[in-house]
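Peer 1: This one is protein_13.txt, compact mmCIF, C-alpha atoms.
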```
# COMPACT_ATOMS: atom_id res chain seq x y z
CA MET W 1 0.00 0.00 0.00
CA PRO W 2 1.14 3.61 -0.52
CA VAL W 3 3.67 4.94 1.95
CA THR W 4 3.42 8.68 1.27
CA ASP W 5 0.65 11.26 0.99
CA ALA W 6 1.20 11.49 -2.78
CA LEU W 7 -1.46 8.83 -3.38
CA LEU W 8 -4.68 8.85 -1.35
CA ILE W 9 -6.80 5.69 -1.14
CA GLU W 10 -10.44 6.03 -0.13
CA PRO W 11 -12.46 2.81 0.33
CA ARG W 12 -16.11 2.85 -0.77
CA GLY W 13 -17.20 -0.69 0.00
CA ALA W 14 -15.78 -2.91 -2.74
CA VAL W 15 -14.57 0.16 -4.67
CA GLU W 16 -11.40 2.13 -3.95
CA ILE W 17 -10.83 5.71 -5.11
CA ALA W 18 -7.14 6.30 -5.79
CA THR W 19 -6.31 10.01 -5.99
CA LEU W 20 -3.00 11.37 -7.26
CA ASN W 21 -2.29 13.98 -4.61
CA ARG W 22 0.42 16.40 -5.70
CA PRO W 23 -1.85 19.24 -6.83
CA ASP W 24 0.86 21.89 -6.45
CA ARG W 25 2.83 20.02 -9.15
CA LEU W 26 -0.20 19.05 -11.28
CA ASN W 27 0.25 15.52 -9.86
CA ALA W 28 3.53 15.08 -11.72
CA LEU W 29 5.26 11.74 -11.19
CA ASN W 30 8.06 12.08 -8.65
CA GLU W 31 9.85 9.12 -7.06
CA GLY W 32 7.44 8.92 -4.13
CA LEU W 33 4.33 8.85 -6.30
CA VAL W 34 5.91 6.32 -8.66
CA ASP W 35 6.70 4.06 -5.70
CA ASP W 36 3.17 4.45 -4.34
CA LEU W 37 1.53 3.64 -7.68
CA ASN W 38 3.73 0.57 -8.13
CA ALA W 39 2.97 -0.65 -4.62
CA TYR W 40 -0.76 -0.02 -4.95
CA PHE W 41 -1.40 -1.57 -8.35
CA GLY W 42 1.08 -4.36 -7.69
CA GLY W 43 -0.74 -5.32 -4.49
CA LEU W 44 -4.25 -5.48 -5.91
CA ALA W 45 -3.91 -9.09 -7.08
CA ASP W 46 -3.81 -10.13 -3.41
CA ARG W 47 -6.83 -8.00 -2.44
CA PRO W 48 -9.92 -9.65 -3.95
CA GLU W 49 -12.16 -7.66 -1.61
CA VAL W 50 -11.42 -4.65 -3.86
CA ARG W 51 -13.40 -5.19 -7.06
CA VAL W 52 -13.14 -1.85 -8.91
CA VAL W 53 -10.62 1.02 -8.76
CA ILE W 54 -11.38 4.63 -9.67
CA LEU W 55 -8.28 6.69 -10.56
CA ARG W 56 -8.33 10.48 -10.52
CA GLY W 57 -6.15 13.52 -9.87
CA ALA W 58 -6.43 16.21 -7.20
CA GLY W 59 -6.48 19.90 -8.06
CA ARG W 60 -6.42 21.45 -11.53
CA GLY W 61 -5.32 18.45 -13.60
CA PHE W 62 -5.04 14.70 -13.83
CA CYS W 63 -1.27 14.25 -14.18
CA ALA W 64 1.37 16.38 -15.92
CA GLY W 65 3.71 13.43 -16.49
CA LEU W 66 7.22 13.09 -15.15
CA ASP W 67 8.29 15.73 -12.63
CA ILE W 68 11.32 16.95 -14.56
CA GLN W 69 12.27 19.38 -11.78
CA GLU W 70 12.89 16.61 -9.26
CA ASP W 71 16.55 16.01 -8.37
CA ARG W 72 17.28 12.43 -9.47
CA SER W 73 21.05 12.62 -9.14
CA SER W 74 22.80 9.51 -7.82
CA ASP W 75 26.10 7.66 -8.04
CA GLU W 76 24.85 5.72 -11.05
CA THR W 77 25.98 6.51 -14.56
CA PRO W 78 23.39 8.63 -16.43
CA VAL W 79 22.43 5.72 -18.70
CA LEU W 80 21.77 3.36 -15.80
CA ARG W 81 19.93 6.04 -13.83
CA THR W 82 17.66 6.79 -16.79
CA LEU W 83 17.06 3.09 -17.41
CA ARG W 84 16.06 2.62 -13.76
CA THR W 85 13.66 5.55 -13.96
CA GLN W 86 12.15 4.29 -17.21
CA THR W 87 11.65 0.81 -15.81
CA ARG W 88 10.15 1.96 -12.51
CA ILE W 89 7.61 4.22 -14.19
CA GLY W 90 6.85 1.71 -16.92
CA ASN W 91 6.09 -0.95 -14.33
CA ILE W 92 3.08 1.11 -13.19
CA TYR W 93 1.32 0.53 -16.52
CA ARG W 94 2.23 -3.15 -16.58
CA LYS W 95 0.75 -3.57 -13.11
CA MET W 96 -2.40 -1.64 -14.04
CA ARG W 97 -3.05 -4.02 -16.92
CA ALA W 98 -2.14 -7.10 -14.84
CA CYS W 99 -4.30 -6.33 -11.80
CA PRO W 100 -7.65 -8.17 -11.90
CA GLN W 101 -9.73 -5.13 -10.95
CA PRO W 102 -11.16 -2.87 -13.68
CA ILE W 103 -9.75 0.65 -13.45
CA VAL W 104 -12.03 3.60 -14.22
CA ALA W 105 -10.03 6.77 -14.90
CA LEU W 106 -11.54 10.23 -14.43
CA GLY W 107 -9.58 12.73 -16.51
CA HIS W 108 -9.63 16.50 -16.16
CA GLY W 109 -7.21 19.26 -17.02
CA ALA W 110 -3.83 18.15 -18.28
CA ALA W 111 -2.88 14.51 -18.84
CA CYS W 112 0.58 14.63 -20.39
CA GLY W 113 3.22 12.03 -21.14
CA GLY W 114 3.23 9.50 -18.33
CA GLY W 115 -0.07 11.00 -17.15
CA LEU W 116 -1.63 10.21 -20.51
CA SER W 117 -0.36 6.66 -20.10
CA LEU W 118 -2.17 6.39 -16.76
CA LEU W 119 -5.38 7.07 -18.70
CA LEU W 120 -4.43 4.69 -21.51
CA ALA W 121 -3.64 1.83 -19.12
CA SER W 122 -7.04 2.15 -17.45
CA ASP W 123 -10.01 0.10 -18.62
CA VAL W 124 -12.60 2.88 -18.94
CA ARG W 125 -11.96 6.61 -19.27
CA TYR W 126 -14.38 9.47 -18.57
CA ALA W 127 -13.36 13.05 -19.32
CA ALA W 128 -14.26 16.46 -18.01
CA PRO W 129 -14.64 19.16 -20.68
CA SER W 130 -11.30 20.57 -19.49
CA LEU W 131 -9.30 17.43 -20.38
CA ARG W 132 -6.30 17.97 -22.66
CA VAL W 133 -3.94 15.09 -23.43
CA ASN W 134 -0.65 14.76 -25.25
CA ALA W 135 2.27 12.39 -25.74
CA ALA W 136 4.70 15.01 -24.55
CA TYR W 137 8.03 13.20 -24.91
CA ILE W 138 9.04 14.42 -28.38
CA ARG W 139 8.69 18.02 -27.19
CA ILE W 140 11.66 17.66 -24.85
CA GLY W 141 14.06 16.14 -27.37
CA LEU W 142 13.16 12.49 -26.77
CA GLY W 143 11.44 9.95 -28.96
CA GLY W 144 7.67 10.31 -29.12
CA CYS W 145 7.12 6.66 -28.21
CA ASP W 146 7.37 6.21 -24.45
CA MET W 147 5.52 4.74 -21.49
CA ALA W 148 3.56 2.31 -23.68
CA SER W 149 2.11 5.11 -25.82
CA SER W 150 3.13 3.34 -29.03
CA TYR W 151 1.30 0.24 -27.79
CA PHE W 152 -1.87 1.77 -26.36
CA LEU W 153 -2.59 4.69 -28.66
CA PRO W 154 -2.86 2.87 -32.03
CA ARG W 155 -5.12 0.27 -30.45
CA LEU W 156 -7.39 2.90 -28.91
CA VAL W 157 -7.54 5.67 -31.51
CA GLY W 158 -6.12 4.13 -34.71
CA ALA W 159 -2.79 4.51 -36.44
CA SER W 160 -3.35 7.97 -37.95
CA LEU W 161 -4.27 9.91 -34.82
CA ALA W 162 -1.68 7.95 -32.81
CA ALA W 163 1.02 9.01 -35.27
CA GLU W 164 -0.21 12.60 -35.23
CA MET W 165 0.03 12.74 -31.45
CA ILE W 166 3.29 10.85 -31.09
CA LEU W 167 5.16 12.61 -33.92
CA THR W 168 4.20 16.13 -32.82
CA GLY W 169 3.37 16.04 -29.11
CA ARG W 170 0.30 18.15 -29.89
CA PHE W 171 -2.63 18.27 -27.49
CA ILE W 172 -6.08 16.95 -28.25
CA ASP W 173 -9.08 18.13 -26.27
CA ALA W 174 -11.93 16.20 -24.67
CA GLU W 175 -14.20 16.47 -27.72
CA ARG W 176 -11.64 15.02 -30.07
CA ALA W 177 -10.74 12.35 -27.52
CA LEU W 178 -14.41 11.35 -27.42
CA ARG W 179 -14.73 11.25 -31.21
CA ALA W 180 -11.61 9.08 -31.45
CA GLY W 181 -12.84 6.63 -28.82
CA LEU W 182 -10.12 7.52 -26.32
CA VAL W 183 -12.77 8.32 -23.70
CA SER W 184 -16.27 6.90 -23.26
CA GLU W 185 -18.07 10.07 -22.26
CA ILE W 186 -17.59 13.74 -21.40
CA VAL W 187 -19.00 14.59 -17.97
CA GLU W 188 -19.05 17.90 -16.13
CA GLU W 189 -16.15 18.00 -13.72
CA ASP W 190 -18.26 18.14 -10.56
CA ALA W 191 -20.13 15.02 -11.73
CA LEU W 192 -17.09 12.94 -12.73
CA LEU W 193 -16.78 10.99 -9.50
CA GLU W 194 -20.51 10.30 -9.37
CA ARG W 195 -20.38 8.97 -12.94
CA GLY W 196 -17.40 6.76 -12.15
CA LEU W 197 -19.06 5.37 -9.04
CA ALA W 198 -22.26 4.68 -10.99
CA LEU W 199 -20.28 2.63 -13.51
CA ALA W 200 -18.53 0.83 -10.67
CA ASP W 201 -21.93 -0.07 -9.20
CA GLU W 202 -22.90 -1.68 -12.51
CA MET W 203 -19.67 -3.69 -12.43
CA LEU W 204 -20.35 -4.74 -8.84
CA ALA W 205 -23.66 -6.24 -9.98
CA THR W 206 -21.70 -8.86 -11.95
CA SER W 207 -20.10 -11.98 -10.49
CA PRO W 208 -16.66 -11.28 -8.99
CA HIS W 209 -14.88 -14.03 -10.92
CA GLY W 210 -16.73 -13.14 -14.11
CA LEU W 211 -15.55 -9.53 -13.85
CA ARG W 212 -11.92 -10.50 -13.24
CA LEU W 213 -11.78 -13.05 -16.04
CA SER W 214 -13.46 -10.63 -18.44
CA LYS W 215 -10.68 -8.07 -17.90
CA GLN W 216 -8.14 -10.84 -18.38
CA ALA W 217 -9.72 -11.96 -21.66
CA LEU W 218 -9.87 -8.39 -22.99
CA ASN W 219 -6.17 -7.98 -22.19
CA LEU W 220 -5.20 -11.20 -23.93
CA ASN W 221 -7.45 -10.89 -26.94
CA ILE W 222 -6.38 -7.41 -27.98
CA ASP W 223 -3.20 -9.15 -29.15
CA ALA W 224 -4.74 -12.51 -30.08
CA GLN W 225 -2.98 -14.24 -32.97
CA SER W 226 -6.25 -15.19 -34.63
CA LEU W 227 -10.02 -15.42 -34.23
CA ASP W 228 -9.60 -19.02 -33.10
CA ALA W 229 -7.06 -18.02 -30.44
CA ALA W 230 -9.40 -15.33 -29.10
CA MET W 231 -12.37 -17.68 -29.02
CA ALA W 232 -10.33 -20.37 -27.24
CA ILE W 233 -9.72 -17.91 -24.39
CA GLU W 234 -13.42 -17.04 -24.30
CA ASP W 235 -14.39 -20.73 -24.28
CA ARG W 236 -11.98 -21.44 -21.41
CA GLN W 237 -13.46 -18.56 -19.41
CA GLN W 238 -17.05 -19.67 -19.96
CA VAL W 239 -16.35 -23.30 -19.11
CA ILE W 240 -14.69 -22.28 -15.85
CA LEU W 241 -17.43 -19.84 -14.86
CA SER W 242 -20.28 -22.16 -15.83
CA ALA W 243 -19.09 -24.59 -13.14
CA THR W 244 -19.33 -22.02 -10.31
CA GLU W 245 -22.09 -21.66 -7.75
CA ASP W 246 -22.20 -17.96 -8.60
CA HIS W 247 -23.31 -18.84 -12.15
CA ARG W 248 -26.17 -20.95 -10.82
CA GLU W 249 -27.10 -18.17 -8.40
CA ALA W 250 -27.09 -15.59 -11.21
CA LEU W 251 -29.43 -17.74 -13.31
CA ALA W 252 -31.78 -18.25 -10.38
CA ALA W 253 -31.77 -14.54 -9.55
CA PHE W 254 -32.53 -13.66 -13.17
CA LEU W 255 -35.51 -16.02 -13.28
CA GLU W 256 -36.75 -14.86 -9.89
CA LYS W 257 -36.27 -11.18 -10.79
CA ARG W 258 -34.04 -10.37 -7.81
CA ALA W 259 -30.44 -9.28 -7.22
CA PRO W 260 -27.97 -12.17 -7.05
CA ASP W 261 -26.16 -13.02 -3.83
CA TYR W 262 -22.64 -13.86 -4.97
CA ARG W 263 -20.43 -16.00 -2.72
CA GLU W 264 -17.35 -16.28 -4.96
CA ARG W 265 -17.69 -20.05 -5.20
```
Step by step, read the file and then write its structure as structure tokens.
Peer 2:
Amino acid sequence: MPVTDALLIEPRGAVEIATLNRPDRLNALNEGLVDDLNAYFGGLADRPEVRVVILRGAGRGFCAGLDIQEDRSSDETPVLRTLRTQTRIGNIYRKMRACPQPIVALGHGAACGGGLSLLLASDVRYAAPSLRVNAAYIRIGLGGCDMASSYFLPRLVGASLAAEMILTGRFIDAERALRAGLVSEIVEEDALLERGLALADEMLATSPHGLRLSKQALNLNIDAQSLDAAMAIEDRQQVILSATEDHREALAAFLEKRAPDYRER
């Protein structure tokens, strides 16, 4: 679990609200916040009582990316120091995709560079009208492909817009993000959390194992080698879930027109 105040965790029953909490720095990723995000998302696999995560930023924006003003000097050579930083930040996105809980991101203000990747690595994204996103890396003399942007963006928005963003670092606003399918909906900023929690409630109405395995199948099948490979994963999931007591309970509840009582068995 987080060890600093840079990441706030608020439990709401089976939902946790994770808030990036460096508003004076537009929630930029310093070493403490990177460590907290790695610890939090890395630990979720062992916390089945948490079923959905909502990710948001405090203050005026979601996340401005890497905090380039932080002193990262050490005894390491510059190449090794940069490699360590790259790996530590990159592990956040790997852990977000690997954790079994769906992640609902609530974006407002700036989401730049590594902050954009926090949105991209989430499962569902809602945007406030103020949201502006960019793949910022090429603007500071680096390659435009960083923090999984070259993996996520073409899959989410298509090759043309991904190339436009990555090769220029230009911003796109909430309306264009919605048209491109980067976000699901634009919601007034003061209603963002309510909208995220409402979606989480819909997810909580599903069986716990069904929800986890559905995220797993979506992860695997976005890179499936073929239709047959994708369907084999789906078949495996359905065979496993059809043997559970929760499946039988869901059928009974549907026929009896009541809410199911899941026991995770």
Peer 1: Just the residues within 9 Å of Arg97 in chain W, please, counting all atoms listed in the file, with nothing from its chain fewer than 5 positions along; format it as a PyMOL selection string.
Peer 2: chain W and resi 92+102-103+121-123+215-216+219
Peer 1: Mind dumping a table of every range 86-157 of chain W residue within 9 Å of range 193-204 of chain W, with the nearest atom pair and its distance in Å to one decimal, using only C-alpha atoms, sorted by chain and rising number, as a tab-separated table?
Peer 2:
```
residue	atom	partner	partner_atom	distance
W:Pro102	CA	W:Met203	CA	8.6
W:Val104	CA	W:Gly196	CA	6.6
W:Ala105	CA	W:Gly196	CA	7.9
W:Leu106	CA	W:Gly196	CA	7.2
W:Arg125	CA	W:Gly196	CA	9.0
W:Tyr126	CA	W:Gly196	CA	7.6
```
Peer 1: Using all atoms listed in the file, which residues sit within 12 Å of Ile68 in chain W once same-chain residues fewer than 2 positions away are excluded, as a short mmCIF file (atom, residue, chain, number, x, y, z; two decimals) with C-alpha atoms, in the frame of the given file?
Peer 2:
```cif
data_model
loop_
_atom_site.label_atom_id
_atom_site.label_comp_id
_atom_site.auth_asym_id
_atom_site.auth_seq_id
_atom_site.Cartn_x
_atom_site.Cartn_y
_atom_site.Cartn_z
CA ARG W 25 2.83 20.02 -9.15
CA ALA W 28 3.53 15.08 -11.72
CA LEU W 29 5.26 11.74 -11.19
CA ASN W 30 8.06 12.08 -8.65
CA GLU W 31 9.85 9.12 -7.06
CA ALA W 64 1.37 16.38 -15.92
CA GLY W 65 3.71 13.43 -16.49
CA LEU W 66 7.22 13.09 -15.15
CA GLU W 70 12.89 16.61 -9.26
CA ASP W 71 16.55 16.01 -8.37
CA ARG W 72 17.28 12.43 -9.47
CA SER W 73 21.05 12.62 -9.14
CA THR W 85 13.66 5.55 -13.96
CA GLY W 113 3.22 12.03 -21.14
CA GLY W 114 3.23 9.50 -18.33
CA TYR W 137 8.03 13.20 -24.91
CA ILE W 140 11.66 17.66 -24.85
#
```
Peer 1: Mind pulling up the distance from CA of Cys63 in chain W to CA of Asp173 in chain W?
Peer 2: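 Atom-to-atom, CA of Asp173 in chain W and CA of Cys63 in chain W are spaced 14.9 Å apart.
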Peer 1: Between CA of Ala174 in chain W and CA of Thr87 in chain W, what is the spacing in Å?
Peer 2: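 Going from CA of Thr87 in chain W over to CA of Ala174 in chain W covers 29.5 Å.
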Peer 1: So which residues touch range 251-263 of chain W within 12 Å, counting only C-alpha atoms, skipping near sequence neighbours fewer than 2 positions away, as number ranges by chain?
Peer 2: W: 49, 202, 204-210, 242, 244-249, 265
Peer 1: Can you pull out the residues contacting Met231 in chain W? Cut-off 12 Å, using all atoms listed in the file, and skip same-chain residues under 5 positions away; I want them as a PDB file with C-alpha atoms, in the coordinates of the input.
Peer 2:
```pdb
ATOM      1  CA  ALA W 217      -9.720 -11.960 -21.660  1.00  0.00           C
ATOM      2  CA  LEU W 218      -9.870  -8.390 -22.990  1.00  0.00           C
ATOM      3  CA  LEU W 220      -5.200 -11.200 -23.930  1.00  0.00           C
ATOM      4  CA  ASN W 221      -7.450 -10.890 -26.940  1.00  0.00           C
ATOM      5  CA  ILE W 222      -6.380  -7.410 -27.980  1.00  0.00           C
ATOM      6  CA  ALA W 224      -4.740 -12.510 -30.080  1.00  0.00           C
ATOM      7  CA  GLN W 225      -2.980 -14.240 -32.970  1.00  0.00           C
ATOM      8  CA  SER W 226      -6.250 -15.190 -34.630  1.00  0.00           C
ATOM      9  CA  ARG W 236     -11.980 -21.440 -21.410  1.00  0.00           C
ATOM     10  CA  GLN W 237     -13.460 -18.560 -19.410  1.00  0.00           C
ATOM     11  CA  GLN W 238     -17.050 -19.670 -19.960  1.00  0.00           C
TER      12      GLN W 238
END
```
Peer 1: List as a ChimeraX atom specification: which residues have an atom within 6 Å of (-0.1, 9.8, -23.6), counting all atoms listed in the file?
Peer 2: /W:112-113,116-117,134-135,149
Peer 1: Could you give me, as a list in words, the residues within 10 Å of range 33-40 of chain W, counting only C-alpha atoms and dropping anything in the same chain fewer than 5 positions from it?
Peer 2: Met1, Pro2, Val3, Thr4, Asp5, Ala6, Leu7, Leu8, Ile9, Ala18, Leu20, Asn21, Arg22, Asn27, Ala28, Ala45, Leu66, Thr85, Arg88, Ile89, Gly90, Asn91, Ile92, Tyr93, Arg94, Lys95, Met96 and Cys99 of chain W
Peer 1: What is the distance between CA of Ala98 in chain W and CA of Leu182 in chain W, in Å to one decimal?
Peer 2: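 Separation between CA of Ala98 in chain W and CA of Leu182 in chain W: 20.2 Å.
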